[in-house]
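Shown below: data_30.txt, with compact mmCIF, C-alpha atoms.
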```txt
# COMPACT_ATOMS: atom_id res chain seq x y z
CA MET A 22 148.73 -49.80 -4.21
CA ALA A 23 151.32 -49.16 -1.51
CA ARG A 24 154.23 -51.54 -1.21
CA VAL A 25 155.49 -53.08 2.00
CA PRO A 26 158.90 -51.58 2.80
CA ASP A 27 161.75 -54.04 2.39
CA GLY A 28 164.56 -51.83 3.66
CA ARG A 29 166.61 -51.51 0.47
CA LEU A 30 166.09 -47.79 -0.03
CA GLU A 31 166.57 -47.10 3.64
CA ARG A 32 169.91 -48.94 3.67
CA GLN A 33 171.05 -47.13 0.53
CA LEU A 34 170.27 -43.80 2.15
CA GLY A 35 171.95 -44.86 5.37
CA SER A 36 168.97 -43.76 7.44
CA ARG A 37 168.53 -45.80 10.60
CA ALA A 38 165.26 -44.01 11.33
CA MET A 39 163.83 -44.99 7.95
CA GLU A 40 165.05 -48.57 8.43
CA ALA A 41 163.31 -48.74 11.80
CA ASP A 42 160.11 -47.32 10.32
CA ALA A 43 160.19 -49.83 7.46
CA PHE A 44 160.72 -52.68 9.91
CA HIS A 45 157.85 -51.59 12.13
CA THR A 46 155.55 -51.18 9.14
CA THR A 47 156.32 -54.72 8.00
CA ALA A 48 155.76 -56.08 11.50
CA CYS A 49 152.40 -54.29 11.70
CA VAL A 50 151.36 -55.75 8.34
CA TRP A 51 152.04 -59.31 9.55
CA LEU A 52 150.30 -58.77 12.88
CA SER A 53 147.26 -57.23 11.18
CA LEU A 54 147.11 -60.07 8.66
CA ALA A 55 147.18 -62.71 11.42
CA THR A 56 144.41 -60.90 13.28
CA LEU A 57 142.28 -60.52 10.16
CA VAL A 58 142.65 -64.16 9.16
CA GLY A 59 141.74 -65.37 12.66
CA ILE A 60 138.68 -63.15 12.94
CA GLY A 61 137.65 -63.84 9.35
CA LEU A 62 137.79 -67.61 9.71
CA ASN A 63 135.88 -67.44 12.97
CA GLY A 64 133.20 -65.18 11.53
CA ALA A 65 132.85 -66.75 8.08
CA LEU A 66 133.22 -70.44 8.86
CA GLY A 67 132.50 -70.56 12.59
CA TRP A 68 135.93 -71.94 13.36
CA TRP A 69 136.12 -70.94 17.02
CA TRP A 70 139.71 -72.14 17.25
CA ALA A 71 140.94 -69.73 14.54
CA ASP A 72 141.16 -66.80 16.99
CA PRO A 73 143.39 -68.63 19.49
CA ILE A 74 145.60 -69.86 16.62
CA ALA A 75 145.94 -66.27 15.34
CA ALA A 76 146.83 -65.16 18.88
CA LEU A 77 149.56 -67.81 19.02
CA VAL A 78 150.92 -66.69 15.66
CA ILE A 79 151.02 -63.11 16.91
CA ALA A 80 152.73 -64.20 20.14
CA VAL A 81 155.38 -66.11 18.19
CA LEU A 82 156.05 -63.09 15.96
CA VAL A 83 156.33 -60.76 18.94
CA VAL A 84 158.69 -63.09 20.82
CA LYS A 85 160.80 -63.62 17.68
CA GLU A 86 161.14 -59.89 17.13
CA GLY A 87 161.83 -59.28 20.81
CA VAL A 88 164.66 -61.82 20.81
CA ALA A 89 166.12 -60.33 17.62
CA THR A 90 165.95 -56.84 19.11
CA TRP A 91 167.55 -58.04 22.35
CA ARG A 92 170.44 -59.50 20.31
CA GLY A 93 170.83 -56.21 18.45
CA GLU A 94 169.87 -57.61 15.04
CA HIS A 95 167.52 -54.73 14.21
CA PRO A 96 168.91 -51.35 13.19
CA CYS A 97 166.32 -49.45 15.19
CA CYS A 98 167.70 -50.41 18.57
```
Turn the structure described in the file into structure tokens.
Amino acid sequence: MARVPDGRLERQLGSRAMEADAFHTTACVWLSLATLVGIGLNGALGWWWADPIAALVIAVLVVKEGVATWRGEHPCC
């Protein structure tokens, strides 16, 4: 099973490109998980409101990461 990158190896190697790739992989994992949970709850249990909640979670994550990038807190930018 593949592991989610946590950035330790990338920092040890001093590779900004690998750090950026690890960050983006982690972000994609969280976005995919939110989407899957929203669709799954809607399909399995008929919870129509699960999709909009998942969309809000995704929006919060995107805004949070955008603000962090704007402030220069991510090594990729």
Point-to-point distance from CA of Cys49 in chain A to CA of Ile79 in chain A, Å rounded to tenths
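Separating CA of Cys49 in chain A from CA of Ile79 in chain A is a distance of 10.3 Å.
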Which of these, A:Val81, A:Arg92, A:Gly87, A:Asp72, has the shortest distance to Trp51 in chain A once you count all atoms listed in the file?
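Using all atoms listed in the file, the shortest distance to Trp51 in chain A belongs to A:Val81.
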Residue nearest Leu54 in chain A among A:Ala89, A:Ala75, A:Leu66, A:Met39 (counting all atoms listed in the file):
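Nearest to Leu54 in chain A: A:Ala75.
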Between CA of Val50 in chain A and CA of Trp70 in chain A, what is the spacing in Å?
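For CA of Trp70 in chain A relative to CA of Val50 in chain A, the distance reads 22.0 Å.
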Residues of range 58-88 of chain A that approach range 43-48 of chain A to 9 Å or less, counting all atoms listed in the file: could you list each one with the shortest pair of atoms and its distance in Å to one decimal, rows by chain and increasing residue number, as a tab-separated table?
```
residue	atom	partner	partner_atom	distance
A:Leu82	CA	A:Ala48	CA	8.3
A:Val83	CA	A:Ala48	CA	8.8
A:Glu86	CA	A:Ala48	CA	8.7
```
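The space between CA of Gln33 in chain A and CA of Thr90 in chain A spans 21.6 Å.
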